[in-house]
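Below is one structure, written out as C-alpha cells; the observations come after it.
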Amino acid sequence: MLWQAIFFDTRWRFLFGLVLLTVTAAFVVMGYPTVAELVKAAPQLGNGGQLGREIAAAAAASSTYDGYIQSQWFRQNAAQLGSFFAAILGAGGLLSQGAAAGLTQVLILAVVPALAVTLLSPLVHERFALLDTLAYALCVFAGTAAFFSLAFLMSTMLSNMWAPVLITICAGSALQMIDRLAGGQVRFSLLGMMHGDSYFRGDGLPWPMLLATAALTTALLYGAVRNIAHRDF
C-alpha cells in the first residue's frame with residue numbers, strides 16, 4: 001500500500017527520533033535523585049540577581065517528582081525534540097497520503113517516550129500516573145501535529161527539504177518569544193497547551209486550545225493537500 005510505502009520511506013527519521021526521545025526520557029527520570037539533592041541546596045544557590053531567581057524558579061518547579069517531570073520532560077525535551085522531529089517528518093511529505101502516515105509517527109513519538117517515564121519511575125522510587133502520562137502526551141501530540149502540518153504545507157510550496165524545517169523552527173521560536181515577553185500570561189498559548197500547563201495546575205485539559213490547535217492542523221493539512229492536488233504530476 002502507498003501509505004505503508006510512505007511510512008517505510010521515513011522510517012530512519014522516525015526511528016532515530018523515537019530512540020532519541022525515549023533515551024532522553026530515561027535520562028530525565030534517572031536524573032531525578034541528583035536533581036532532588038540539588039533542590040535542597042537551591043535556597044543557598046539562588047540568592048540575588050536574575051540568575052538566582054532563575055535557579056529558584058527551576059528549583060520550585062522540580063520540588064516534587066510530578067513537577068520535575070512536567071518541567072524537565074513535557075515542557076522541554078518532549079516539546080522541543082518532538083517538534084523538531086515532527087518538522088523533519090512533515091518536510092519529507094510529497095503526497096497527501098503522507099499526512100496520515102506522518103501523523104501516526106508523530107503520535108508514537110509523543111506517546112512512547114511518555115510511557116517510558118511512567119514505566120521507569122519506580123526505578124527512582126517514584127510514581128508517575130498513567131492517566132497523567134496520557135493527558136500530557138495528548139497535549140504534546142496536539143502541538144507537534146501542528147508543527148508537522150506546517151512543515152508539510154511548506155514542503156508542498158518549497159523544493160528544498162530543510163527550508164520547511166527551518167521555517168517551522170522559526171515559528172516555534174517566535175511563539176516562545178511571545179510567551180516570554182508576556183511573562184507566561186498568554187491566555188491562549190499553543191506552547192502552554194503543548195506543555196500541559198493547565199493540567200499541571202489542576203485546571204484539567206486545555207480543551208479550547210486543543211480544539212483550536214486541531215482546527216489549525218486540519219487547515220494546514222487541507223492547504224497542503226490542495227497544493228498537491230494542483231501539481232502537474
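Going through the C-alpha cells in order, the chains are called A, B, and so on, while each chain numbers its residues from 1 and the ligands are numbered from 1 in the order shown.
Every protein or nucleic acid residue with an atom no more than 7 Å from Ser155 of chain A, counting only C-alpha atoms and leaving out same-chain residues fewer than 4 positions away, appears here: Ala91, Gly93, Ala151, Ser159, Met161 and Pro164 of chain A.
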Generate a file of the selected residues that holds N, CA and C atoms, formatted as a PDB file, in the first residue's frame.
```pdb
ATOM      1  N   ALA A  91       8.422  17.648   6.602  1.00  0.00           N
ATOM      2  CA  ALA A  91       9.126  18.209   5.451  1.00  0.00           C
ATOM      3  C   ALA A  91       9.376  17.177   4.363  1.00  0.00           C
ATOM      4  N   GLY A  93       7.091  14.989   3.299  1.00  0.00           N
ATOM      5  CA  GLY A  93       5.858  14.525   2.675  1.00  0.00           C
ATOM      6  C   GLY A  93       5.644  15.099   1.289  1.00  0.00           C
ATOM      7  N   ALA A 151       5.134  22.193   8.531  1.00  0.00           N
ATOM      8  CA  ALA A 151       6.252  21.734   7.707  1.00  0.00           C
ATOM      9  C   ALA A 151       5.742  21.016   6.460  1.00  0.00           C
ATOM     10  N   SER A 159      10.923  23.458  -2.666  1.00  0.00           N
ATOM     11  CA  SER A 159      11.573  22.229  -3.138  1.00  0.00           C
ATOM     12  C   SER A 159      12.665  21.757  -2.200  1.00  0.00           C
ATOM     13  N   MET A 161      14.174  20.527   1.172  1.00  0.00           N
ATOM     14  CA  MET A 161      13.597  19.870   2.338  1.00  0.00           C
ATOM     15  C   MET A 161      13.838  20.651   3.620  1.00  0.00           C
ATOM     16  N   PRO A 164      11.450  24.073   4.872  1.00  0.00           N
ATOM     17  CA  PRO A 164      10.267  23.911   5.728  1.00  0.00           C
ATOM     18  C   PRO A 164      10.619  23.644   7.186  1.00  0.00           C
TER      19      PRO A 164
END
```
Item to check | Test item: residues at most 8 Å from segment 20-32 of chain A, only C-alpha atoms, excluding those fewer than 6 positions along its chain, as number ranges by chain | outcome: A: 65, 68-69, 72-73, 77-78, 81-82, 109, 112-114, 116-117, 120-121, 123-124
Item to check | 8 Å contact set for segment 209-212 of chain A, only C-alpha atoms, chain neighbours under 3 positions out, as a ChimeraX atom specification | outcome: /A:139,142,188-190,193,206,215-216
Next on the checklist: Counting only C-alpha atoms, which residue out of A:Ala224, A:Ala36, A:Ala59, A:Ala86 sits closest to Leu158 of chain A?
Outcome noted: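 Checking each candidate against Leu158 of chain A, we get A:Ala224 as the closest.
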Item to check | Residues flagged alpha helix (DSSP H) by DSSP in segment 42-202 of chain A, as JSON, numbers by chain | outcome: {"A": [42, 43, 44, 45, 49, 50, 51, 52, 53, 54, 55, 56, 57, 58, 59, 60, 61, 65, 66, 67, 68, 69, 78, 79, 80, 81, 82, 83, 84, 85, 86, 87, 88, 89, 90, 91, 97, 98, 99, 100, 101, 102, 103, 104, 105, 106, 107, 108, 109, 110, 111, 112, 113, 114, 115, 116, 117, 118, 119, 120, 130, 131, 132, 133, 134, 135, 136, 137, 138, 139, 140, 141, 142, 143, 144, 145, 146, 147, 148, 149, 150, 151, 152, 153, 154, 155, 162, 163, 164, 165, 166, 167, 168, 169, 170, 171, 172, 173, 174, 175, 176, 177, 178, 179, 180, 181, 190, 191, 192, 193, 194, 195, 197, 198, 199, 200]}
Item to check | Computed interatomic separation between atom CA of Val165 of chain A and atom CA of Ala135 of chain A (Å) | outcome: 27.1 Å
Write out as a PDB file with N, CA and C atoms, in the first residue's frame the residues lying within 7 Å of Ala110 of chain A, counting only C-alpha atoms and excluding same-chain residues fewer than 6 positions away.
```
ATOM      1  N   GLY A  82      10.355  16.786  20.189  1.00  0.00           N
ATOM      2  CA  GLY A  82       9.190  16.295  19.458  1.00  0.00           C
ATOM      3  C   GLY A  82       8.827  17.190  18.298  1.00  0.00           C
ATOM      4  N   ALA A 137       0.734  13.518  27.105  1.00  0.00           N
ATOM      5  CA  ALA A 137       1.075  13.055  25.757  1.00  0.00           C
ATOM      6  C   ALA A 137       0.086  13.588  24.727  1.00  0.00           C
ATOM      7  N   VAL A 140       1.136  17.146  24.039  1.00  0.00           N
ATOM      8  CA  VAL A 140       2.343  17.163  23.218  1.00  0.00           C
ATOM      9  C   VAL A 140       2.010  16.797  21.779  1.00  0.00           C
ATOM     10  N   PHE A 141       1.181  15.784  21.597  1.00  0.00           N
ATOM     11  CA  PHE A 141       0.812  15.368  20.243  1.00  0.00           C
ATOM     12  C   PHE A 141       0.072  16.474  19.500  1.00  0.00           C
TER      13      PHE A 141
END
```
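Atom CA of Leu134 of chain A is found 19.9 Å from atom CA of Gly102 of chain A.
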Item to check | Selection near Ala145 of chain A, 7 Å with only C-alpha atoms, sequence-local residues under 6 positions removed, as a ChimeraX atom specification | outcome: /A:103,106,217
